[in-house]
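Visitor: Below is the file my_file-v8.txt, which contains compact mmCIF, C-alpha atoms.
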```
# COMPACT_ATOMS: atom_id res chain seq x y z
CA MET G 258 102.31 94.95 122.20
CA GLN G 259 100.09 92.97 119.87
CA THR G 260 101.43 89.68 118.56
CA GLN G 261 100.41 87.88 115.41
CA MET G 262 97.56 85.42 115.93
CA THR G 263 98.01 83.54 112.65
CA ASN G 264 100.81 82.70 110.27
CA TYR G 265 101.10 85.77 108.09
CA PRO G 266 104.35 86.18 106.14
CA ALA G 267 106.98 88.35 107.82
CA ASP G 268 108.16 89.58 104.41
CA LYS G 269 106.15 92.71 103.62
CA LYS G 270 106.40 92.06 99.86
CA GLN G 271 104.36 88.90 100.49
CA LEU G 272 102.24 90.22 103.37
CA TYR G 273 100.61 93.25 101.76
CA PRO G 274 99.39 91.56 98.55
CA LEU G 275 97.89 88.84 100.77
CA LEU G 276 96.12 91.47 102.93
CA VAL G 277 94.79 93.24 99.83
CA SER G 278 93.46 89.92 98.55
CA GLN G 279 91.87 89.05 101.90
CA LEU G 280 90.30 92.50 102.24
CA SER G 281 88.91 92.28 98.71
CA GLY G 282 87.29 88.97 99.59
CA LEU G 283 85.87 90.31 102.86
CA ILE G 284 84.22 93.38 101.38
CA GLN G 285 83.21 92.16 97.93
CA GLY G 286 79.48 92.67 97.56
CA VAL G 287 79.09 94.05 101.09
CA PRO G 288 77.29 97.42 100.98
CA HIS G 289 77.85 98.26 104.66
CA ARG G 290 80.61 100.85 105.13
CA ILE G 291 80.95 100.42 108.90
CA ALA G 292 81.04 96.62 108.68
CA ASN G 293 83.70 96.79 105.97
CA LEU G 294 85.85 99.16 108.03
CA ALA G 295 85.39 96.99 111.12
CA ASN G 296 86.60 93.91 109.26
CA ALA G 297 89.49 95.89 107.75
CA SER G 298 90.66 97.03 111.21
CA ALA G 299 90.40 93.47 112.55
CA LEU G 300 92.40 92.16 109.59
CA LEU G 301 95.14 94.75 110.13
CA MET G 302 95.32 94.05 113.86
CA GLU G 303 95.57 90.32 113.24
CA ALA G 304 98.14 90.48 110.45
CA LEU G 305 100.52 93.31 111.32
CA ASP G 306 103.28 92.70 113.79
CA ASP G 307 104.12 95.19 116.53
CA ILE G 308 101.04 97.42 116.42
CA ASN G 309 98.74 98.48 119.23
CA TRP G 310 95.95 100.29 117.34
CA ALA G 311 94.42 99.98 113.88
CA GLY G 312 91.32 101.82 112.81
CA PHE G 313 89.50 104.62 111.13
CA TYR G 314 88.35 108.16 111.67
CA LEU G 315 85.57 109.42 109.39
CA MET G 316 84.80 112.98 108.37
CA GLU G 317 81.60 114.32 109.90
CA GLU G 318 80.65 117.99 109.89
CA GLY G 319 84.20 119.13 109.14
CA ARG G 320 86.01 117.02 111.75
CA LEU G 321 87.25 113.46 112.16
CA VAL G 322 85.05 111.20 114.30
CA LEU G 323 86.16 107.85 115.64
CA GLY G 324 85.06 104.92 113.49
CA PRO G 325 85.67 101.17 113.68
CA PHE G 326 88.96 100.21 115.30
CA GLN G 327 90.91 97.55 117.19
CA GLY G 328 92.91 98.58 120.25
CA ARG G 329 92.54 100.66 123.38
CA PRO G 330 89.88 103.37 123.67
CA ALA G 331 90.70 106.36 121.48
CA CYS G 332 90.02 110.05 121.00
CA ILE G 333 86.47 110.56 119.76
CA GLU G 334 86.90 113.74 117.70
CA ILE G 335 89.93 115.24 115.99
CA GLN G 336 89.93 118.64 114.32
CA VAL G 337 91.34 118.89 110.79
CA GLY G 338 94.93 120.08 111.09
CA LYS G 339 95.37 118.73 114.64
CA GLY G 340 97.58 115.75 115.44
CA VAL G 341 98.83 113.26 112.88
CA CYS G 342 95.34 112.30 111.68
CA GLY G 343 94.17 115.89 111.29
CA ALA G 344 97.41 116.85 109.52
CA ALA G 345 97.00 113.93 107.09
CA VAL G 346 93.53 115.24 106.18
CA GLU G 347 94.69 118.86 105.89
CA LYS G 348 97.65 117.92 103.66
CA ASP G 349 95.78 115.07 101.94
CA GLU G 350 98.86 112.90 102.13
CA ILE G 351 100.12 109.79 103.86
CA LEU G 352 102.00 110.65 107.04
CA LEU G 353 104.57 108.22 108.34
CA VAL G 354 105.80 109.39 111.75
CA GLU G 355 108.78 107.64 113.32
CA ASN G 356 108.38 109.37 116.70
CA VAL G 357 104.91 110.75 117.46
CA HIS G 358 106.23 112.59 120.52
CA ALA G 359 108.29 114.80 118.21
CA PHE G 360 105.33 115.54 115.91
CA PRO G 361 104.07 119.11 116.44
CA GLY G 362 100.60 119.01 118.00
CA HIS G 363 100.56 115.24 118.47
CA ILE G 364 97.41 114.06 120.27
CA ALA G 365 98.31 111.34 122.77
CA CYS G 366 95.24 109.10 122.76
CA ASP G 367 97.35 106.15 123.92
CA CYS G 368 100.63 106.95 125.67
CA ALA G 369 101.96 103.53 124.59
CA SER G 370 102.03 104.62 120.92
CA ASN G 371 105.43 105.79 119.67
CA SER G 372 105.10 105.67 115.89
CA GLU G 373 102.18 106.01 113.50
CA ILE G 374 101.10 105.89 109.89
CA VAL G 375 97.97 107.68 108.71
CA LEU G 376 96.49 107.35 105.23
CA PRO G 377 93.73 109.64 103.92
CA LEU G 378 90.72 107.82 102.46
CA HIS G 379 88.88 109.32 99.51
CA ALA G 380 85.42 109.13 97.97
CA GLY G 381 83.91 111.43 95.39
CA GLY G 382 87.21 113.25 94.97
CA LYS G 383 87.49 114.34 98.60
CA VAL G 384 88.95 113.07 101.86
CA VAL G 385 86.23 111.21 103.78
CA GLY G 386 88.37 109.79 106.55
CA VAL G 387 91.70 108.27 107.53
CA MET G 388 93.15 104.87 108.24
CA ASP G 389 95.35 105.14 111.34
CA ILE G 390 97.80 102.53 112.62
CA ASP G 391 99.93 102.95 115.75
CA SER G 392 102.87 101.04 117.16
CA PRO G 393 104.53 100.96 120.57
CA SER G 394 107.90 100.85 118.74
CA PHE G 395 109.70 103.87 117.37
CA ALA G 396 110.17 103.92 113.56
CA ARG G 397 107.93 100.85 113.13
CA PHE G 398 106.64 101.90 109.70
CA ASP G 399 108.68 102.29 106.52
CA GLU G 400 108.22 102.85 102.80
CA GLU G 401 107.14 99.24 102.26
CA ASP G 402 104.36 99.81 104.80
CA ARG G 403 103.41 103.06 103.08
CA GLU G 404 103.10 101.36 99.71
CA GLY G 405 101.38 98.22 101.00
CA LEU G 406 98.89 100.13 103.15
CA ALA G 407 98.18 102.56 100.30
CA ASN G 408 97.12 99.56 98.19
CA PHE G 409 94.99 98.30 101.10
CA ALA G 410 93.35 101.74 101.42
CA GLN G 411 92.58 101.83 97.69
CA ILE G 412 90.47 98.68 98.09
CA LEU G 413 88.55 100.32 100.92
CA GLU G 414 87.99 103.51 98.93
CA LYS G 415 85.94 101.51 96.42
CA VAL G 416 83.26 100.93 99.10
CA LEU G 417 83.27 104.28 100.92
```
Using the file provided, produce a representation of the structure as structure tokens.
Guide:
Amino acid sequence: MQTQMTNYPADKKQLYPLLVSQLSGLIQGVPHRIANLANASALLMEALDDINWAGFYLMEEGRLVLGPFQGRPACIEIQVGKGVCGAAVEKDEILLVENVHAFPGHIACDCASNSEIVLPLHAGGKVVGVMDIDSPSFARFDEEDREGLANFAQILEKVL
């Protein structure tokens, strides 16, 4: 289990606006997509409590390919429609999964992960990747996380 390295607020209503502000500052004027995603994953890993993986999969030739991330080694390719990430792309919606082991077709890249949130990322009107965050705890993510991370993802979409 990852622990917080700095003093981020525990209250999500304070945490997520701060993360959006920090991300905006990190990527402002930076034209490098991979560098921006790498910093975004590092920021998430540092700031969010009780997570064990934070990163991105990017669409390449009709499938998701592992992008910048923080955490244990991960699956390299995911087919659209497969697992939580592939389902998020296929449905083009945020998926908040309280128990990944109960998710049909779940891909177990890290057996320590028990819950997950996946947010599609868009550019040019289409899904170009996903932001994926895992936790070793069941039901780690809630509606506040969905809303806060959606705002975080919107900042990233400006540079994709």
Visitor: What is the CA of Trp310 (chain G)-CA of Ala410 (chain G) distance in Å, reported with one decimal?
Guide: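 Between CA of Trp310 (chain G) and CA of Ala410 (chain G) the gap is 16.2 Å.
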Visitor: Go through G:Pro393, G:Gly286, G:Pro361, G:Gly386 one by one, measure the shortest atom-to-atom distance of each to Glu318 (chain G) using only C-alpha atoms, and give the residue with the smallest value.
Guide: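 Smallest distance to Glu318 (chain G) is found for G:Gly386.
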Visitor: Using only C-alpha atoms, find all polymer residues with an atom at most 8 Å away from the point (96.1, 102.8, 108.9); report them as a count of residues only.
Guide: 12
Visitor: My list of candidates is G:Ser372, G:Gln327, G:Asn408, G:Asn296. Which is closest to Ile284 (chain G) when distances are computed with all atoms listed in the file?
Guide: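 Between G:Ser372, G:Gln327, G:Asn408, G:Asn296, the residue approaching Ile284 (chain G) most closely is G:Asn296.
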Visitor: Grab the CA of Leu301 (chain G) to CA of Phe409 (chain G) distance for me, in Å with one decimal place.
Guide: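 Value for the CA of Leu301 (chain G)-CA of Phe409 (chain G) distance: 9.7 Å.
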Visitor: I'd like the interatomic distance between CA of Ile333 (chain G) and CA of Glu404 (chain G), to a tenth of an Å.
Guide: 27.6 Å
Visitor: Rank G:Asp399, G:Glu414, G:Glu303, G:Glu334 by their smallest atom-to-atom distance to Gly381 (chain G), using all atoms listed in the file, and report the top residue only.
Guide: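 For Gly381 (chain G), the nearest of the candidates is G:Glu414.
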Visitor: Ranking G:Ile291, G:Ile335, G:Ala369, G:Val357 by minimum distance to Glu317 (chain G) and counting only C-alpha atoms, which one comes first?
Guide: G:Ile335
Visitor: Which residue gives the smallest distance to Cys332 (chain G) among G:Cys368, G:Ala344, G:Ile351, G:Leu276, with only C-alpha atoms counted?
Guide: G:Cys368
Visitor: Leaving out Asn309 (chain G) and any residue of its chain fewer than 5 positions from it, which residues lie within 8 Å of it when counting all atoms listed in the file, given as a PyMOL selection string?
Guide: chain G and resi 258-259+302+328-329+370+390-393
Visitor: Write the residues of the preceding selection, restricted to C-alpha atoms, as a PDB file, keeping the file's coordinate frame.
Guide:
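Result file is part-v2.pdb:
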```
ATOM      1  CA  MET G 258     102.310  94.950 122.200  1.00  0.00           C
ATOM      2  CA  GLN G 259     100.090  92.970 119.870  1.00  0.00           C
ATOM      3  CA  MET G 302      95.320  94.050 113.860  1.00  0.00           C
ATOM      4  CA  GLY G 328      92.910  98.580 120.250  1.00  0.00           C
ATOM      5  CA  ARG G 329      92.540 100.660 123.380  1.00  0.00           C
ATOM      6  CA  SER G 370     102.030 104.620 120.920  1.00  0.00           C
ATOM      7  CA  ILE G 390      97.800 102.530 112.620  1.00  0.00           C
ATOM      8  CA  ASP G 391      99.930 102.950 115.750  1.00  0.00           C
ATOM      9  CA  SER G 392     102.870 101.040 117.160  1.00  0.00           C
ATOM     10  CA  PRO G 393     104.530 100.960 120.570  1.00  0.00           C
TER      11      PRO G 393
END
```
Visitor: Determine the nearest neighbour of Gln271 (chain G) from the options G:Gly405, G:Gly362, G:Pro330, G:Pro288, counting all atoms listed in the file.
Guide: G:Gly405
